[in-house]
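Engineer: Contents of my_file15.tsv (TSV, C-alpha atoms and all ligand atoms):
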chain	number	residue	atom	x	y	z
H	5	MET	CA	21.01	64.18	198.07
H	6	PHE	CA	20.00	63.12	194.57
H	7	LYS	CA	22.62	61.02	192.92
H	8	THR	CA	23.28	62.30	189.43
H	9	LYS	CA	26.23	61.78	187.17
H	10	TYR	CA	28.30	64.80	186.31
H	11	TYR	CA	31.42	65.66	184.44
H	12	ILE	CA	34.57	67.47	185.51
H	13	SER	CA	35.69	70.01	182.93
H	14	GLY	CA	39.25	70.30	181.72
H	15	LEU	CA	39.67	73.51	183.66
H	16	MET	CA	38.83	71.70	186.89
H	17	ALA	CA	41.20	68.90	186.00
H	18	ALA	CA	44.00	71.46	186.02
H	19	PHE	CA	43.45	71.83	189.74
H	20	LEU	CA	43.43	68.13	190.52
H	21	LEU	CA	46.96	68.07	191.81
H	22	SER	CA	46.99	70.69	194.45
H	23	ALA	CA	49.70	71.25	196.99
H	24	CYS	CA	49.35	72.47	200.53
H	25	SER	CA	50.69	75.95	200.79
H	26	ASP	CA	51.95	77.76	203.84
H	27	HIS	CA	49.78	80.56	204.99
H	28	HIS	CA	49.82	83.28	207.58
H	29	ASP	CA	47.02	84.78	209.63
H	30	SER	CA	47.36	88.06	207.82
H	31	VAL	CA	46.64	86.65	204.35
H	32	HIS	CA	43.30	87.27	202.74
H	33	TYR	CA	41.74	83.97	201.65
H	34	ASP	CA	40.31	83.78	198.15
H	35	GLY	CA	37.40	81.37	198.67
H	36	GLY	CA	36.80	80.82	194.94
H	37	ALA	CA	40.44	79.99	194.21
H	38	LEU	CA	40.67	77.73	197.27
H	39	LEU	CA	37.52	75.88	196.24
H	40	LYS	CA	39.10	75.05	192.88
H	41	GLU	CA	42.40	74.14	194.43
H	42	LYS	CA	41.15	72.02	197.34
H	43	CYS	CA	37.78	70.58	196.35
H	44	ALA	CA	37.57	70.26	192.54
H	45	ALA	CA	39.38	66.90	192.55
H	46	CYS	CA	36.12	65.32	193.74
H	47	HIS	CA	33.33	67.92	193.46
H	48	ASN	CA	32.28	69.26	190.06
H	49	LEU	CA	32.09	73.04	190.43
H	50	SER	CA	30.11	74.09	187.35
H	51	MET	CA	26.68	75.65	187.71
H	52	PRO	CA	24.80	73.83	186.34
H	53	PRO	CA	27.11	70.81	186.63
H	54	LYS	CA	27.75	68.78	183.49
H	55	THR	CA	27.01	65.07	183.27
H	56	PHE	CA	29.88	62.85	184.30
H	57	GLN	CA	30.02	59.06	184.43
H	58	ASP	CA	32.21	58.20	187.41
H	59	GLU	CA	31.89	61.19	189.65
H	60	LYS	CA	33.61	60.90	193.02
H	61	ALA	CA	31.30	63.23	194.90
H	62	PRO	CA	28.10	65.22	194.46
H	63	PRO	CA	28.55	68.45	192.46
H	64	MET	CA	29.16	71.49	194.67
H	65	MET	CA	25.92	73.06	193.48
H	66	ALA	CA	23.97	70.08	194.85
H	67	VAL	CA	25.93	70.18	198.10
H	68	ALA	CA	25.26	73.91	198.53
H	69	PHE	CA	21.55	73.69	197.69
H	70	HIS	CA	20.73	70.79	199.92
H	71	VAL	CA	22.83	71.90	202.90
H	72	LYS	CA	20.94	75.23	202.68
H	73	ASP	CA	17.62	73.37	202.43
H	74	PHE	CA	18.14	70.81	205.19
H	75	MET	CA	20.06	72.86	207.71
H	76	LYS	CA	17.89	73.82	210.67
H	77	VAL	CA	18.11	77.51	211.59
H	78	ALA	CA	16.12	79.63	214.01
H	79	THR	CA	16.21	82.84	211.97
H	80	ALA	CA	17.16	83.75	208.39
H	81	SER	CA	20.23	85.64	209.57
H	82	ASP	CA	21.57	82.42	211.14
H	83	LYS	CA	21.67	80.70	207.78
H	84	LYS	CA	25.02	81.90	206.48
H	85	PRO	CA	27.04	81.51	209.72
H	86	LYS	CA	25.50	78.05	210.30
H	87	PHE	CA	26.33	77.05	206.75
H	88	ILE	CA	29.96	78.09	207.21
H	89	GLU	CA	30.11	76.31	210.57
H	90	PHE	CA	28.73	73.10	209.03
H	91	PHE	CA	31.30	73.19	206.21
H	92	GLN	CA	34.17	73.75	208.62
H	93	GLU	CA	33.03	70.88	210.83
H	94	TYR	CA	32.18	68.49	207.99
H	95	VAL	CA	35.25	68.96	205.81
H	96	LEU	CA	37.62	68.33	208.70
H	97	HIS	CA	35.53	65.70	210.54
H	98	PRO	CA	33.09	64.07	208.12
H	99	SER	CA	30.87	61.16	209.15
H	100	ALA	CA	27.82	59.30	207.87
H	101	GLU	CA	25.77	60.62	210.82
H	102	LYS	CA	26.60	64.28	210.11
H	103	SER	CA	26.07	64.03	206.35
H	104	PHE	CA	22.85	65.39	204.86
H	105	CYS	CA	23.27	62.93	201.98
H	106	ASP	CA	20.60	60.23	201.70
H	107	LYS	CA	21.69	56.67	202.50
H	108	GLU	CA	21.71	55.55	198.88
H	109	SER	CA	24.01	58.36	197.74
H	110	LEU	CA	26.26	57.89	200.75
H	111	ALA	CA	26.57	54.20	199.94
H	112	SER	CA	27.53	54.90	196.35
H	113	TYR	CA	29.95	57.79	197.01
H	114	GLY	CA	31.26	56.65	200.36
H	115	VAL	CA	31.71	59.17	203.17
H	116	MET	CA	33.97	62.05	202.23
H	117	PRO	CA	37.54	61.48	203.45
H	118	SER	CA	38.58	64.05	206.06
H	119	GLN	CA	40.52	66.91	204.51
H	120	GLU	CA	42.36	67.63	207.76
H	121	GLY	CA	45.95	68.61	207.00
H	122	LYS	CA	45.07	69.50	203.40
H	123	VAL	CA	42.97	72.53	204.17
H	124	SER	CA	42.77	74.71	207.31
H	125	LYS	CA	39.61	75.65	209.18
H	126	GLU	CA	40.06	79.28	208.08
H	127	GLU	CA	40.41	78.22	204.46
H	128	VAL	CA	37.24	76.11	204.67
H	129	GLY	CA	35.53	79.17	206.15
H	130	ALA	CA	36.49	81.25	203.13
H	131	ILE	CA	35.45	78.43	200.77
H	132	ALA	CA	32.07	78.09	202.51
H	133	GLU	CA	31.44	81.81	202.34
H	134	TYR	CA	32.16	81.76	198.60
H	135	VAL	CA	30.01	78.65	198.03
H	136	TYR	CA	27.11	80.14	199.98
H	137	THR	CA	26.99	83.22	197.75
H	138	TYR	CA	27.98	81.69	194.42
H	139	TYR	CA	25.57	78.74	194.45
H	140	ASP	CA	22.45	80.83	194.93
H	141	GLU	CA	19.16	79.11	194.11
H	142	GLU	CA	17.39	82.24	192.94
H	143	LYS	CA	20.30	83.29	190.73
H	144	PHE	CA	20.39	79.78	189.29
H	145	LEU	CA	16.65	79.75	188.60
H	146	ALA	CA	16.83	83.14	186.89
H	147	GLN	CA	19.72	81.90	184.74
H	148	MET	CA	17.80	78.76	183.78
H	149	GLN	CA	14.68	80.76	182.95
H	150	ALA	CA	16.67	83.19	180.80
H	151	LYS	CA	18.31	80.26	179.03
H	152	ALA	CA	14.97	78.50	178.47
H	153	LYS	CA	13.58	81.73	177.00
H	154	PHE	CA	16.63	82.13	174.76
H	155	ASP	CA	16.56	78.49	173.58
H	156	VAL	CA	13.03	78.77	172.17
H	157	LEU	CA	13.83	81.91	170.13
H	158	PRO	CA	14.12	81.47	166.35
H	159	LEU	CA	17.80	81.00	165.40
H	160	GLY	CA	17.88	84.46	163.77
H	161	GLU	CA	16.81	86.10	167.00
H	162	GLN	CA	19.39	84.09	168.95
H	163	ILE	CA	22.17	85.41	166.71
H	164	MET	CA	20.84	88.95	167.10
H	165	THR	CA	20.65	88.67	170.87
H	166	LYS	CA	24.21	87.36	171.04
H	167	ASN	CA	25.54	90.14	168.80
H	168	GLY	CA	23.70	93.02	170.45
H	169	CYS	CA	21.64	93.95	167.35
H	170	LYS	CA	18.69	94.56	169.65
H	171	ASN	CA	20.49	97.43	171.34
H	172	CYS	CA	19.76	99.44	168.20
H	173	HIS	CA	16.94	97.57	166.46
H	174	SER	CA	13.59	96.18	167.46
H	175	ILE	CA	11.10	94.30	165.32
H	176	ASP	CA	8.36	96.91	165.12
H	177	LYS	CA	9.59	100.22	166.48
H	178	PRO	CA	12.48	102.35	165.25
H	179	LYS	CA	15.27	102.69	167.85
H	180	ALA	CA	18.78	103.98	167.05
H	181	GLY	CA	18.35	102.06	163.80
H	182	PRO	CA	15.28	101.34	161.64
H	183	SER	CA	12.91	98.55	162.75
H	184	PHE	CA	13.49	95.14	161.25
H	185	ARG	CA	10.04	95.32	159.65
H	186	MET	CA	11.16	98.46	157.77
H	187	ILE	CA	14.43	96.75	156.83
H	188	ALA	CA	12.56	93.67	155.57
H	189	LYS	CA	11.65	95.63	152.40
H	190	ARG	CA	15.32	95.71	151.33
H	191	SER	CA	16.80	93.07	149.06
H	192	ASP	CA	18.72	90.08	150.44
H	193	THR	CA	22.00	91.37	149.00
H	194	GLU	CA	21.55	94.84	150.47
H	195	ILE	CA	20.81	93.45	153.92
H	196	LYS	CA	23.77	91.11	153.74
H	197	GLN	CA	26.18	93.86	152.63
H	198	VAL	CA	25.10	96.23	155.39
H	199	ILE	CA	25.51	93.58	158.09
H	200	LEU	CA	28.99	92.73	156.81
H	201	HIS	CA	30.27	96.23	156.06
H	202	GLY	CA	28.12	98.61	158.15
H	203	SER	CA	26.35	101.74	156.93
H	204	LYS	CA	25.65	105.35	157.84
H	205	GLY	CA	23.40	108.10	156.49
H	206	LYS	CA	21.38	105.87	154.19
H	207	TRP	CA	18.19	105.99	156.23
H	208	LYS	CA	16.49	109.30	156.99
H	209	GLY	CA	16.04	109.94	160.69
H	210	PHE	CA	18.81	107.57	161.76
H	211	GLU	CA	21.78	109.78	160.91
H	212	LYS	CA	22.83	110.10	164.54
H	213	ALA	CA	23.82	106.44	164.83
H	214	MET	CA	25.80	104.20	162.56
H	215	MET	CA	25.39	100.56	161.67
H	216	PRO	CA	28.69	98.92	162.68
H	217	PRO	CA	30.19	96.21	160.45
H	218	PHE	CA	29.83	92.62	161.72
H	219	LYS	CA	32.74	90.96	159.93
H	220	GLN	CA	32.96	88.30	162.63
H	221	LEU	CA	29.64	86.74	161.55
H	222	ASN	CA	30.02	83.74	159.24
H	223	ASP	CA	28.02	83.21	156.00
H	224	GLN	CA	25.69	80.76	157.68
H	225	ASP	CA	24.79	83.20	160.46
H	226	ILE	CA	24.25	85.99	157.96
H	227	ASP	CA	21.98	83.82	155.80
H	228	VAL	CA	19.92	82.95	158.88
H	229	LEU	CA	19.69	86.67	159.76
H	230	VAL	CA	18.66	87.68	156.24
H	231	LYS	CA	15.97	84.97	156.12
H	232	TRP	CA	14.67	85.95	159.54
H	233	ILE	CA	14.49	89.67	158.64
H	234	LYS	CA	12.81	88.92	155.30
H	235	SER	CA	10.25	86.71	157.04
H	236	LEU	CA	8.85	89.69	158.95
L	1	LIG	C1	38.54	62.92	197.92
L	1	LIG	C2	37.30	63.46	197.43
L	1	LIG	C3	36.75	64.70	198.10
L	1	LIG	C4	37.38	65.91	198.28
L	1	LIG	C5	38.81	66.30	197.93
L	1	LIG	C6	36.40	66.79	198.86
L	1	LIG	N1	35.21	66.13	199.02
L	1	LIG	FE1	33.50	66.88	199.85
L	1	LIG	N2	32.55	65.12	199.58
L	1	LIG	C7	33.10	64.01	199.01
L	1	LIG	C8	32.11	62.94	198.98
L	1	LIG	C9	32.31	61.55	198.43
L	1	LIG	C10	30.92	63.48	199.53
L	1	LIG	C11	29.53	62.79	199.66
L	1	LIG	C12	29.43	61.92	200.85
L	1	LIG	C13	29.36	62.68	202.11
L	1	LIG	O1	28.42	63.43	202.33
L	1	LIG	O2	30.31	62.51	202.93
L	1	LIG	C14	31.25	64.84	199.93
L	1	LIG	C15	30.36	65.71	200.54
L	1	LIG	C16	30.67	66.98	200.94
L	1	LIG	C17	29.78	67.83	201.70
L	1	LIG	C18	28.34	67.53	201.96
L	1	LIG	C19	27.95	66.91	203.19
L	1	LIG	C20	26.45	66.73	203.13
L	1	LIG	O3	25.87	66.68	204.17
L	1	LIG	O4	25.88	66.62	202.06
L	1	LIG	C21	30.42	69.03	201.88
L	1	LIG	C22	29.90	70.24	202.64
L	1	LIG	C23	31.69	68.91	201.24
L	1	LIG	N3	31.82	67.65	200.69
L	1	LIG	C24	32.60	69.94	201.16
L	1	LIG	C25	33.87	69.81	200.58
L	1	LIG	C26	34.81	70.90	200.48
L	1	LIG	C27	34.54	72.33	200.92
L	1	LIG	C28	35.94	70.39	199.92
L	1	LIG	C29	37.25	71.11	199.65
L	1	LIG	C30	37.88	71.69	200.82
L	1	LIG	C31	35.71	68.98	199.67
L	1	LIG	N4	34.42	68.69	200.08
L	1	LIG	C32	36.65	68.12	199.16
L	1	LIG	C33	34.39	63.86	198.55
L	1	LIG	C34	35.36	64.86	198.57
L	2	LIG	C1	25.05	100.72	167.29
L	2	LIG	C2	23.73	100.52	166.73
L	2	LIG	C3	23.48	99.35	165.79
L	2	LIG	C4	23.74	98.02	166.02
L	2	LIG	C5	24.41	97.38	167.22
L	2	LIG	C6	23.22	97.31	164.86
L	2	LIG	N1	22.68	98.19	163.98
L	2	LIG	FE1	21.86	97.72	162.18
L	2	LIG	N2	21.60	99.72	161.80
L	2	LIG	C7	21.90	100.75	162.64
L	2	LIG	C8	21.64	102.01	161.98
L	2	LIG	C9	21.83	103.39	162.56
L	2	LIG	C10	21.18	101.70	160.68
L	2	LIG	C11	20.86	102.67	159.55
L	2	LIG	C12	22.12	102.88	158.75
L	2	LIG	C13	21.98	103.90	157.66
L	2	LIG	O1	21.13	104.73	157.72
L	2	LIG	O2	22.82	103.80	156.73
L	2	LIG	C14	21.17	100.24	160.62
L	2	LIG	C15	20.77	99.53	159.50
L	2	LIG	C16	20.69	98.15	159.43
L	2	LIG	C17	20.24	97.41	158.28
L	2	LIG	C18	19.77	98.13	156.99
L	2	LIG	C19	19.99	97.47	155.69
L	2	LIG	C20	19.68	98.41	154.54
L	2	LIG	O3	19.86	97.96	153.46
L	2	LIG	O4	19.34	99.53	154.78
L	2	LIG	C21	20.29	96.07	158.59
L	2	LIG	C22	19.95	94.90	157.71
L	2	LIG	C23	20.78	95.99	159.95
L	2	LIG	N3	21.02	97.26	160.43
L	2	LIG	C24	20.94	94.82	160.63
L	2	LIG	C25	21.60	94.72	161.84
L	2	LIG	C26	21.96	93.47	162.45
L	2	LIG	C27	21.62	92.09	161.92
L	2	LIG	C28	22.66	93.77	163.59
L	2	LIG	C29	23.36	92.83	164.53
L	2	LIG	C30	24.21	91.83	163.92
L	2	LIG	C31	22.68	95.23	163.69
L	2	LIG	N4	22.03	95.75	162.62
L	2	LIG	C32	23.28	95.93	164.73
L	2	LIG	C33	22.39	100.62	163.93
L	2	LIG	C34	22.81	99.45	164.52
In structure tokens, what does this structure look like?
Structural biologist:
Amino acid sequence: MFKTKYYISGLMAAFLLSACSDHHDSVHYDGGALLKEKCAACHNLSMPPKTFQDEKAPPMMAVAFHVKDFMKVATASDKKPKFIEFFQEYVLHPSAEKSFCDKESLASYGVMPSQEGKVSKEEVGAIAEYVYTYYDEEKFLAQMQAKAKFDVLPLGEQIMTKNGCKNCHSIDKPKAGPSFRMIAKRSDTEIKQVILHGSKGKWKGFEKAMMPPFKQLNDQDIDVLVKWIKSL
């Protein structure tokens, strides 16, 4: 495991003091809630995890990814049940020999203390099932790629993406609303007023839709939008 420093968010901190609760065989275990309740005291649960100086354990995303990577399975369909089995065994009976962590990380974190008595085997099963699905490498990669694509957009386009302007407008082609290149011919004040207060029936051919008001946008955002539209 790669040792990296991560940060536990305030939300996670709320779960630090967790109590053991009675349970019955008939209850349905909520793996996500149990993970927060039983594991967030040491493992950072964010995906991607935030940087944290004195972390007590590797972030759950790192645990999930490398257990999936290092676990030996005969067939793809074995992967999930083996993963759950490993979690159940490790959380209740951890040891340096069983850990997939590299020696250096193990030395710095120390072996995980057994959680026997704090969490049942069934609960760990539900947690593992949740972790297996939630910390998905492909989903994570797609999220990172989408974020990287978003981050390099001009600020104006970022604001438009966030506010759904592109559902009705594109740069070159008319959609429900006129294209931004057509709009670029308007004056700054006109553009600003329409964004703030909305408009309907002004443009020929776009009578079916209306431009909703965006009162929630602040002056700075609107100025960025106006500049971006006028730059086209
Ligand atoms: C008191 C702190 C602490 C708590 C609470 C804790 N862990 Fe850990 N866990 C660690 C540390 C430290 C490591 C890294 C060293 C190791 O592998 O034993 C670790 C590692 C692991 C590993 C990885 C083993 C490997 O091979 O990489 C799994 C799986 C795991 N924890 C699951 C859980 C689950 C599930 C919970 C909640 C039920 C939990 N842990 C609660 C401290 C904790
Ligand atoms: C639900 C669809 C819809 C959404 C969402 C939408 N618009 Fe519009 N927009 C329109 C329509 C339709 C018009 C034409 C209105 C008219 O004819 O009066 C328009 C017109 C405009 C104009 C024209 C200004 C002018 O003077 O004519 C601007 C600027 C504009 N939109 C910017 C935006 C921005 C920026 C966003 C996002 C913050 C946005 N729009 C979101 C439908 C939409």
Engineer: Please identify the residues whose atoms come within 8 Å of ligand LIG 2 (chain L), using all atoms listed in the file, and report them as number ranges by chain.
Structural biologist: H: 163-164, 167-173, 180-182, 184, 187-188, 190-191, 194-199, 202-216, 218, 221, 226, 229-230, 233
Engineer: Edge lengths and centre in Å to one decimal, as lines of an AutoDock Vina configuration file, of the axis-aligned box that encloses all listed atoms of ligand LIG 1 (chain L) with 5 Å added on every side?
Structural biologist:
center_x = 32.3
center_y = 66.9
center_z = 200.8
size_x = 22.9
size_y = 20.8
size_z = 16.7
Engineer: Tell me, counting all atoms listed in the file, for each residue of chain H within 7 Å of ligand LIG 1 (chain L), which pair of atoms is nearest and how far apart they are in Å to one decimal, in rows ordered by chain and increasing number, as CSV.
Structural biologist:
residue,atom,partner,partner_atom,distance
H:Met5,CA,L:LIG1,O4,6.8
H:Leu39,CA,L:LIG1,C29,5.9
H:Lys42,CA,L:LIG1,C29,4.6
H:Cys43,CA,L:LIG1,C29,3.4
H:Ala44,CA,L:LIG1,C5,6.8
H:Ala45,CA,L:LIG1,C5,5.4
H:Cys46,CA,L:LIG1,C2,4.3
H:His47,CA,L:LIG1,N1,6.1
H:Lys60,CA,L:LIG1,C9,5.6
H:Ala61,CA,L:LIG1,C9,4.0
H:Pro62,CA,L:LIG1,C11,5.9
H:Val67,CA,L:LIG1,C18,5.3
H:His70,CA,L:LIG1,O4,7.0
H:Val71,CA,L:LIG1,O4,6.2
H:Phe91,CA,L:LIG1,C22,4.8
H:Tyr94,CA,L:LIG1,C22,6.1
H:Val95,CA,L:LIG1,C24,5.4
H:Pro98,CA,L:LIG1,O2,6.1
H:Ser99,CA,L:LIG1,O2,6.4
H:Ala100,CA,L:LIG1,O2,6.4
H:Lys102,CA,L:LIG1,O3,6.4
H:Ser103,CA,L:LIG1,O3,3.4
H:Phe104,CA,L:LIG1,O3,3.4
H:Cys105,CA,L:LIG1,O4,4.5
H:Leu110,CA,L:LIG1,C12,5.1
H:Tyr113,CA,L:LIG1,C9,4.7
H:Gly114,CA,L:LIG1,C9,5.4
H:Val115,CA,L:LIG1,O2,3.6
H:Met116,CA,L:LIG1,O2,3.8
H:Pro117,CA,L:LIG1,C1,5.8
H:Gln119,CA,L:LIG1,C30,6.6
H:Val123,CA,L:LIG1,C30,6.2
H:Val128,CA,L:LIG1,C30,5.9
H:Ile131,CA,L:LIG1,C27,6.2
H:Ala132,CA,L:LIG1,C27,6.5
Engineer: Can you work out the spacing between CA of Asp106 in chain H and CA of Lys84 in chain H in Å, to one decimal?
Structural biologist: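 Rounded to one decimal, the two atoms are 22.6 Å apart.
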Engineer: What does the distance between CA of Pro178 in chain H and CA of Lys234 in chain H come to in Å, to one decimal place?
Structural biologist: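 Separating CA of Pro178 in chain H from CA of Lys234 in chain H is a distance of 16.7 Å.
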Engineer: Measuring atom to atom with all atoms listed in the file, identify which of H:Ala111, H:Ala146, H:Val135, H:Ile88 is nearest to Ala68 in chain H.
Structural biologist: H:Val135
Engineer: Between H:Lys125, H:Lys166, H:Lys72, H:Lys54, single out the one closest to Leu96 in chain H, counting all atoms listed in the file.
Structural biologist: H:Lys125
Engineer: Rank H:Glu141, H:Glu133, H:Asp227, H:Glu93 by their smallest atom-to-atom distance to Asp73 in chain H, using all atoms listed in the file, and report the top residue only.
Structural biologist: H:Glu141
Engineer: Suppose you want the space between CA of Thr137 in chain H and CA of Leu49 in chain H; what is it in Å?
Structural biologist: 13.5 Å
Engineer: I'd like to know which of H:Lys231, H:Lys76, H:Phe69, H:Leu200 is closest to Lys219 in chain H, using only C-alpha atoms.
Structural biologist: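 Among the listed residues, H:Leu200 lies closest to Lys219 in chain H.
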Engineer: Compile the contact shell of Val228 in chain H as a PDB file with C-alpha atoms, keeping the file's coordinate frame: residues with an atom at most 8 Å away, counting only C-alpha atoms, same-chain residues fewer than 3 positions apart removed.
Structural biologist:
ATOM      1  CA  LEU H 159      17.800  81.000 165.400  1.00  0.00           C
ATOM      2  CA  GLY H 160      17.880  84.460 163.770  1.00  0.00           C
ATOM      3  CA  GLN H 224      25.690  80.760 157.680  1.00  0.00           C
ATOM      4  CA  ASP H 225      24.790  83.200 160.460  1.00  0.00           C
ATOM      5  CA  LYS H 231      15.970  84.970 156.120  1.00  0.00           C
ATOM      6  CA  TRP H 232      14.670  85.950 159.540  1.00  0.00           C
TER       7      TRP H 232
END
Engineer: From the list H:Tyr139, H:Ser183, H:Tyr33, H:Lys122, which residue is nearest Pro63 in chain H when using all atoms listed in the file?
Structural biologist: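 Of H:Tyr139, H:Ser183, H:Tyr33, H:Lys122, the one nearest Pro63 in chain H is H:Tyr139, counting all atoms listed in the file.
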